[in-house]
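**Student:** Input structure: protein_36.tsv, which contains TSV, C-alpha atoms.
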```tsv
chain	number	residue	atom	x	y	z
A	1	MET	CA	0.00	0.00	0.00
A	2	THR	CA	1.42	3.39	-1.02
A	3	ILE	CA	1.39	5.80	1.90
A	4	LEU	CA	3.35	8.69	0.38
A	5	GLU	CA	3.47	9.78	-3.25
A	6	VAL	CA	5.63	12.60	-4.60
A	7	ARG	CA	4.94	13.73	-8.14
A	8	ASN	CA	7.07	16.07	-10.27
A	9	LEU	CA	8.11	18.18	-7.33
A	10	LYS	CA	9.84	21.49	-8.08
A	11	LYS	CA	10.99	24.16	-5.64
A	12	ILE	CA	12.42	27.52	-6.67
A	13	TYR	CA	13.50	30.11	-4.13
A	14	THR	CA	13.54	33.78	-5.10
A	15	THR	CA	15.64	36.40	-3.32
A	16	ARG	CA	13.90	39.27	-1.60
A	17	THR	CA	14.74	41.62	-4.43
A	18	GLY	CA	13.43	39.09	-6.95
A	19	SER	CA	16.64	39.39	-8.96
A	20	THR	CA	17.93	35.86	-8.34
A	21	GLN	CA	16.24	32.47	-8.40
A	22	VAL	CA	17.66	29.27	-6.94
A	23	GLN	CA	16.21	25.95	-8.01
A	24	ALA	CA	16.47	23.61	-5.02
A	25	LEU	CA	14.41	20.81	-6.56
A	26	SER	CA	13.79	20.36	-10.27
A	27	ASN	CA	11.70	17.23	-10.86
A	28	VAL	CA	11.41	14.83	-7.94
A	29	SER	CA	9.07	11.84	-8.13
A	30	PHE	CA	8.95	8.74	-5.92
A	31	SER	CA	6.57	6.79	-3.72
A	32	VAL	CA	6.88	5.21	-0.29
A	33	GLU	CA	5.08	2.02	0.68
A	34	LYS	CA	3.58	1.57	4.13
A	35	GLY	CA	6.23	0.19	6.47
A	36	GLU	CA	9.22	1.21	4.34
A	37	PHE	CA	12.32	2.76	5.86
A	38	ILE	CA	13.69	5.26	3.33
A	39	ALA	CA	17.01	7.09	3.63
A	40	ILE	CA	17.63	10.19	1.51
A	41	MET	CA	21.28	10.99	0.80
A	42	GLY	CA	23.10	13.62	-1.22
A	43	GLU	CA	25.80	16.25	-1.02
A	44	SER	CA	25.19	19.52	0.81
A	45	GLY	CA	23.02	21.72	-1.39
A	46	SER	CA	21.55	18.76	-3.29
A	47	GLY	CA	18.01	19.55	-2.10
A	48	LYS	CA	17.42	16.76	0.41
A	49	THR	CA	16.57	19.05	3.34
A	50	THR	CA	14.30	21.11	1.10
A	51	LEU	CA	12.55	17.88	0.14
A	52	LEU	CA	12.07	16.89	3.79
A	53	ASN	CA	10.61	20.32	4.59
A	54	LEU	CA	8.12	19.92	1.75
A	55	LEU	CA	7.16	16.43	2.93
A	56	ALA	CA	6.59	17.91	6.39
A	57	SER	CA	4.36	20.63	4.90
A	58	LEU	CA	6.68	23.21	6.46
A	59	ASP	CA	7.15	24.69	2.99
A	60	LYS	CA	5.19	24.58	-0.26
A	61	PRO	CA	6.46	23.39	-3.63
A	62	THR	CA	6.62	25.70	-6.62
A	63	SER	CA	4.90	22.96	-8.58
A	64	GLY	CA	4.14	19.26	-8.26
A	65	GLU	CA	2.20	17.38	-5.62
A	66	ILE	CA	2.71	15.44	-2.39
A	67	CYS	CA	-0.01	13.01	-1.26
A	68	LEU	CA	-0.21	11.29	2.11
A	69	GLU	CA	-2.55	8.29	1.94
A	70	GLY	CA	-4.08	9.78	-1.18
A	71	VAL	CA	-4.69	13.22	0.36
A	72	PRO	CA	-2.84	16.04	-1.47
A	73	LEU	CA	-1.08	18.28	1.04
A	74	SER	CA	-2.08	21.22	-1.15
A	75	SER	CA	-5.73	20.48	-0.32
A	76	VAL	CA	-5.19	20.96	3.43
A	77	PRO	CA	-6.30	24.49	4.41
A	78	GLU	CA	-3.51	26.71	5.76
A	79	ASN	CA	-5.20	27.08	9.14
A	80	ASN	CA	-5.43	23.27	9.48
A	81	LEU	CA	-1.82	22.44	8.57
A	82	ALA	CA	-0.54	22.39	12.15
A	83	VAL	CA	-3.29	19.95	13.16
A	84	PHE	CA	-2.64	17.85	10.04
A	85	ARG	CA	1.06	17.59	10.92
A	86	ARG	CA	0.32	16.74	14.54
A	87	ASP	CA	-2.18	14.01	13.63
A	88	ASN	CA	-0.24	12.39	10.79
A	89	LEU	CA	3.49	13.12	11.08
A	90	GLY	CA	6.19	12.54	13.68
A	91	PHE	CA	9.42	14.54	13.62
A	92	VAL	CA	12.93	13.67	14.83
A	93	PHE	CA	15.49	16.48	14.54
A	94	GLN	CA	19.27	16.53	14.72
A	95	ASP	CA	19.25	19.03	17.60
A	96	PHE	CA	16.40	17.31	19.48
A	97	ASN	CA	14.20	20.46	19.72
A	98	LEU	CA	13.30	19.75	23.34
A	99	LEU	CA	12.16	22.55	25.66
A	100	ASP	CA	14.67	22.93	28.51
A	101	THR	CA	11.99	24.25	30.89
A	102	PHE	CA	9.94	21.03	30.46
A	103	THR	CA	10.81	17.60	31.80
A	104	LEU	CA	11.33	14.86	29.24
A	105	GLN	CA	7.87	13.56	30.05
A	106	ASP	CA	6.27	16.95	29.45
A	107	ASN	CA	8.20	17.33	26.18
A	108	ILE	CA	6.87	13.98	25.04
A	109	PHE	CA	3.35	14.86	26.14
A	110	LEU	CA	3.32	18.18	24.27
A	111	PRO	CA	1.62	17.00	21.03
A	112	LEU	CA	-0.98	15.12	23.08
A	113	VAL	CA	-1.67	18.19	25.23
A	114	LEU	CA	-2.17	20.24	22.08
A	115	SER	CA	-4.68	17.66	20.81
A	116	GLY	CA	-6.64	17.79	24.09
A	117	LYS	CA	-5.80	14.35	25.52
A	118	GLN	CA	-6.44	13.66	29.20
A	119	TYR	CA	-3.45	13.15	31.52
A	120	LYS	CA	-4.43	9.58	32.42
A	121	SER	CA	-4.67	8.69	28.75
A	122	MET	CA	-1.28	10.26	28.07
A	123	GLN	CA	0.31	8.25	30.87
A	124	PHE	CA	-1.21	5.05	29.50
A	125	MET	CA	0.23	5.81	26.04
A	126	LEU	CA	3.66	6.77	27.34
A	127	GLN	CA	4.46	3.84	29.64
A	128	PRO	CA	5.06	1.10	27.03
A	129	LEU	CA	6.75	3.57	24.67
A	130	ALA	CA	9.16	4.82	27.34
A	131	ALA	CA	9.96	1.24	28.32
A	132	SER	CA	10.77	0.27	24.73
A	133	LEU	CA	13.07	3.30	24.39
A	134	HIS	CA	14.73	2.71	27.80
A	135	ILE	CA	13.86	6.13	29.20
A	136	SER	CA	11.31	5.20	31.88
A	137	ASP	CA	13.73	6.10	34.69
A	138	ILE	CA	14.59	9.58	33.38
A	139	LEU	CA	11.17	10.94	32.42
A	140	ASN	CA	11.19	13.44	35.30
A	141	LYS	CA	14.60	14.84	34.37
A	142	TYR	CA	15.12	17.97	32.27
A	143	PRO	CA	16.93	17.89	28.90
A	144	TYR	CA	20.04	19.56	30.35
A	145	GLU	CA	20.31	16.75	32.91
A	146	VAL	CA	20.61	13.87	30.43
A	147	SER	CA	22.93	12.76	27.63
A	148	GLY	CA	22.51	13.47	23.93
A	149	GLY	CA	21.43	9.89	23.29
A	150	GLN	CA	18.79	10.08	26.01
A	151	LYS	CA	17.51	13.39	24.64
A	152	GLN	CA	17.20	11.89	21.17
A	153	ARG	CA	15.33	8.86	22.51
A	154	ALA	CA	12.93	11.25	24.25
A	155	ALA	CA	12.55	13.09	20.94
A	156	VAL	CA	11.74	9.77	19.24
A	157	ALA	CA	9.12	9.12	21.93
A	158	ARG	CA	7.58	12.53	21.24
A	159	ALA	CA	7.49	11.70	17.52
A	160	LEU	CA	5.81	8.33	18.13
A	161	ILE	CA	3.38	9.17	20.93
A	162	THR	CA	0.68	10.26	18.46
A	163	ASN	CA	1.00	7.01	16.46
A	164	PRO	CA	1.90	8.89	13.25
A	165	LYS	CA	1.42	7.54	9.76
A	166	LEU	CA	4.89	8.77	8.79
A	167	VAL	CA	8.03	9.59	10.80
A	168	LEU	CA	10.34	12.20	9.24
A	169	ALA	CA	13.90	12.31	10.59
A	170	ASP	CA	16.42	15.04	9.75
A	171	GLU	CA	20.01	13.88	10.43
A	172	PRO	CA	18.87	12.14	13.65
A	173	THR	CA	22.37	10.85	14.50
A	174	GLY	CA	24.21	14.06	13.63
A	175	SER	CA	24.66	15.22	17.24
A	176	LEU	CA	25.30	11.81	18.80
A	177	ASP	CA	28.44	9.89	19.72
A	178	SER	CA	29.04	6.43	18.27
A	179	LYS	CA	27.40	4.53	21.15
A	180	ALA	CA	24.27	6.69	21.14
A	181	THR	CA	24.17	6.49	17.34
A	182	ASN	CA	24.16	2.70	17.40
A	183	GLN	CA	21.42	2.68	20.03
A	184	LEU	CA	19.24	5.08	18.05
A	185	LEU	CA	19.72	3.21	14.79
A	186	GLN	CA	18.74	-0.03	16.51
A	187	ILE	CA	15.56	1.71	17.68
A	188	PHE	CA	14.82	2.83	14.12
A	189	THR	CA	15.44	-0.71	12.87
A	190	GLU	CA	13.00	-2.11	15.43
A	191	LEU	CA	10.40	0.53	14.57
A	192	HIS	CA	10.73	-0.40	10.90
A	193	GLU	CA	10.37	-4.09	11.71
A	194	LYS	CA	7.14	-3.28	13.59
A	195	GLY	CA	5.74	-1.57	10.50
A	196	GLN	CA	6.47	2.11	11.11
A	197	THR	CA	7.05	4.11	7.93
A	198	ILE	CA	10.19	6.26	8.18
A	199	VAL	CA	11.79	8.79	5.82
A	200	MET	CA	15.22	9.92	7.02
A	201	VAL	CA	17.63	12.50	5.60
A	202	THR	CA	21.21	11.61	6.48
A	203	HIS	CA	24.85	12.06	5.52
A	204	SER	CA	25.76	8.95	7.49
A	205	LEU	CA	26.45	5.66	5.73
A	206	GLN	CA	26.06	3.96	9.09
A	207	ALA	CA	22.51	5.30	9.34
A	208	ALA	CA	21.58	4.80	5.69
A	209	CYS	CA	22.66	1.14	5.61
A	210	ARG	CA	19.82	0.36	8.05
A	211	ALA	CA	17.19	1.57	5.55
A	212	SER	CA	15.24	-0.69	3.23
A	213	ARG	CA	15.81	1.76	0.35
A	214	VAL	CA	18.18	4.67	-0.22
A	215	LEU	CA	17.41	7.57	-2.56
A	216	TYR	CA	20.25	9.74	-3.84
A	217	ILE	CA	19.43	13.38	-4.55
A	218	LYS	CA	21.71	15.17	-6.97
A	219	ASP	CA	21.15	18.59	-8.57
A	220	GLY	CA	17.60	18.66	-7.25
A	221	GLU	CA	16.52	15.27	-8.65
A	222	VAL	CA	16.35	11.65	-7.55
A	223	PHE	CA	19.48	10.53	-9.35
A	224	HIS	CA	19.74	6.93	-8.16
A	225	GLN	CA	18.24	4.51	-5.65
A	226	ILE	CA	19.32	1.28	-4.00
A	227	TYR	CA	17.07	-1.39	-2.50
A	228	ARG	CA	18.57	-3.31	0.40
A	229	GLY	CA	16.65	-6.51	-0.28
A	230	GLN	CA	18.42	-9.42	1.40
A	231	MET	CA	21.77	-7.64	1.77
A	232	SER	CA	23.39	-7.66	5.19
A	233	LYS	CA	24.04	-4.38	6.94
A	234	GLU	CA	27.72	-4.71	6.08
A	235	ALA	CA	27.06	-5.44	2.40
A	236	MET	CA	24.64	-2.52	2.19
A	237	TYR	CA	27.24	-0.23	3.77
A	238	GLN	CA	29.82	-1.22	1.16
A	239	ARG	CA	27.31	-0.80	-1.67
A	240	LEU	CA	26.39	2.67	-0.46
A	241	SER	CA	30.04	3.63	-0.01
A	242	ASP	CA	30.92	2.55	-3.55
A	243	THR	CA	27.90	4.39	-4.96
A	244	LEU	CA	28.69	7.61	-3.09
A	245	THR	CA	32.27	7.47	-4.34
A	246	ALA	CA	31.06	7.08	-7.94
A	247	LEU	CA	28.54	9.91	-7.53
A	248	THR	CA	30.96	12.39	-5.98
A	249	THR	CA	33.95	11.66	-8.22
A	250	GLY	CA	32.03	11.12	-11.43
A	251	GLY	CA	34.07	8.04	-12.15
A	252	GLY	CA	33.16	4.38	-12.37
A	253	GLU	CA	29.81	2.73	-12.84
A	254	ILE	CA	27.00	3.16	-10.37
A	255	ALA	CA	25.75	-0.22	-9.21
```
Represent the structure of the file as structure tokens.
**Tutor:**
Amino acid sequence: MTILEVRNLKKIYTTRTGSTQVQALSNVSFSVEKGEFIAIMGESGSGKTTLLNLLASLDKPTSGEICLEGVPLSSVPENNLAVFRRDNLGFVFQDFNLLDTFTLQDNIFLPLVLSGKQYKSMQFMLQPLAASLHISDILNKYPYEVSGGQKQRAAVARALITNPKLVLADEPTGSLDSKATNQLLQIFTELHEKGQTIVMVTHSLQAACRASRVLYIKDGEVFHQIYRGQMSKEAMYQRLSDTLTALTTGGGEIA
């Protein structure tokens, strides 16, 4: 079942004076099946972060269409976009985006509070999620009292607490050390195995090799893609490494 469809997406930014135009995306088309784990890779300036912002409805395309479960994002009224995002999308950011004046529990509860959930219901939803992310014992701590890995796991809990159709992750391992990175990627792998649909932008081969499919963005287009299939994590890593080398140097064949 196709959960996300992107058709002929184009994004052009114009400077304030209107004298210069920058084409961030030129013609992007792809679809995501329910339960897929997609990694989006590309050099800086390739358009991958722009694409993620469009998928998150944080920005609007110049042309083209994005549909989530058959609903065009362009059909969602402007004053309903925040509710649409809260009800359908979960976000995991590189810098966590946690409020330092809130405990981890209150940070996780925030989207539920905004949707009017009762406290008892929120507690019921949080307990199994916190246990699976190994943060049950730190829920009453503040972000400045815990490690980067713990903050990111709390951010993942906040993204998942609403049971979103799609999780969007922007460089989720970018601010983590190697141990915390491995822990987070294992969580993403387990979420994928349970059927959660994930689209992740990353520079990291270590992160991308966990995905079921990797899309390469180059010059504002989907230039190449690799399906993991039955490849091991190690074989996928090597395949991605060889492909990135060919893409960045312009030499050799792309597998």
**Student:** Work out how far apart atom CA of Arg85 of chain A and atom CA of Arg16 of chain A are and give it in Å to one decimal.
**Tutor:**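 Taking atom CA of Arg85 of chain A as the start and atom CA of Arg16 of chain A as the end point, the length is 28.1 Å.
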**Student:** Return as JSON lines the residues of segment 93-147 of chain A lying at most 7 Å from segment 157-168 of chain A, together with the closest atom-to-atom pair for each and the distance in Å to one decimal, counting all atoms listed in the file, with rows in chain order and ascending residue number.
**Tutor:**
```
{"residue": "A:Asn107", "atom": "CA", "partner": "A:Arg158", "partner_atom": "CA", "distance": 6.9}
{"residue": "A:Ile108", "atom": "CA", "partner": "A:Arg158", "partner_atom": "CA", "distance": 4.1}
{"residue": "A:Phe109", "atom": "CA", "partner": "A:Arg158", "partner_atom": "CA", "distance": 6.9}
{"residue": "A:Leu112", "atom": "CA", "partner": "A:Thr162", "partner_atom": "CA", "distance": 6.9}
{"residue": "A:Met125", "atom": "CA", "partner": "A:Ile161", "partner_atom": "CA", "distance": 6.9}
{"residue": "A:Leu126", "atom": "CA", "partner": "A:Ile161", "partner_atom": "CA", "distance": 6.9}
{"residue": "A:Leu129", "atom": "CA", "partner": "A:Ala157", "partner_atom": "CA", "distance": 6.6}
{"residue": "A:Ala130", "atom": "CA", "partner": "A:Ala157", "partner_atom": "CA", "distance": 6.9}
```
**Student:** What does the distance between atom CA of Val113 of chain A and atom CA of Ala82 of chain A come to in Å, to one decimal place?
**Tutor:**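 Spanning atom CA of Val113 of chain A to atom CA of Ala82 of chain A is a straight-line distance of 13.8 Å.
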**Student:** When you look at Met231 of chain A with a cut-off of 12 Å (counting only C-alpha atoms), what residues show up, excluding the ones that are within fewer than 2 positions of it in the same chain? I need them as a VMD selection string.
**Tutor:** chain A and resid 209 to 213 226 to 229 233 to 240
**Student:** Keeping C-alpha atoms for every residue in the selection just given, could you write it to a file as a tab-separated table (two decimals), in the coordinates of the input?
**Tutor:**
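And here's selection.tsv as it stands now:
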```tsv
chain	number	residue	atom	x	y	z
A	209	CYS	CA	22.66	1.14	5.61
A	210	ARG	CA	19.82	0.36	8.05
A	211	ALA	CA	17.19	1.57	5.55
A	212	SER	CA	15.24	-0.69	3.23
A	213	ARG	CA	15.81	1.76	0.35
A	226	ILE	CA	19.32	1.28	-4.00
A	227	TYR	CA	17.07	-1.39	-2.50
A	228	ARG	CA	18.57	-3.31	0.40
A	229	GLY	CA	16.65	-6.51	-0.28
A	233	LYS	CA	24.04	-4.38	6.94
A	234	GLU	CA	27.72	-4.71	6.08
A	235	ALA	CA	27.06	-5.44	2.40
A	236	MET	CA	24.64	-2.52	2.19
A	237	TYR	CA	27.24	-0.23	3.77
A	238	GLN	CA	29.82	-1.22	1.16
A	239	ARG	CA	27.31	-0.80	-1.67
A	240	LEU	CA	26.39	2.67	-0.46
```
**Student:** Return the padded bounding box of segment 226-238 of chain A as lines of an AutoDock Vina configuration file: axis-aligned, built from all atoms listed in the file, 3 Å added on each side, with centre and edge lengths in Å to one decimal.
**Tutor:**
```
center_x = 23.2
center_y = -4.1
center_z = 1.5
size_x = 19.2
size_y = 16.7
size_z = 16.9
```
**Student:** Report, in Å to a single decimal, how far apart atom CA of Thr202 of chain A and atom CA of Leu81 of chain A are.
**Tutor:**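 These atoms are spaced 25.5 Å apart.
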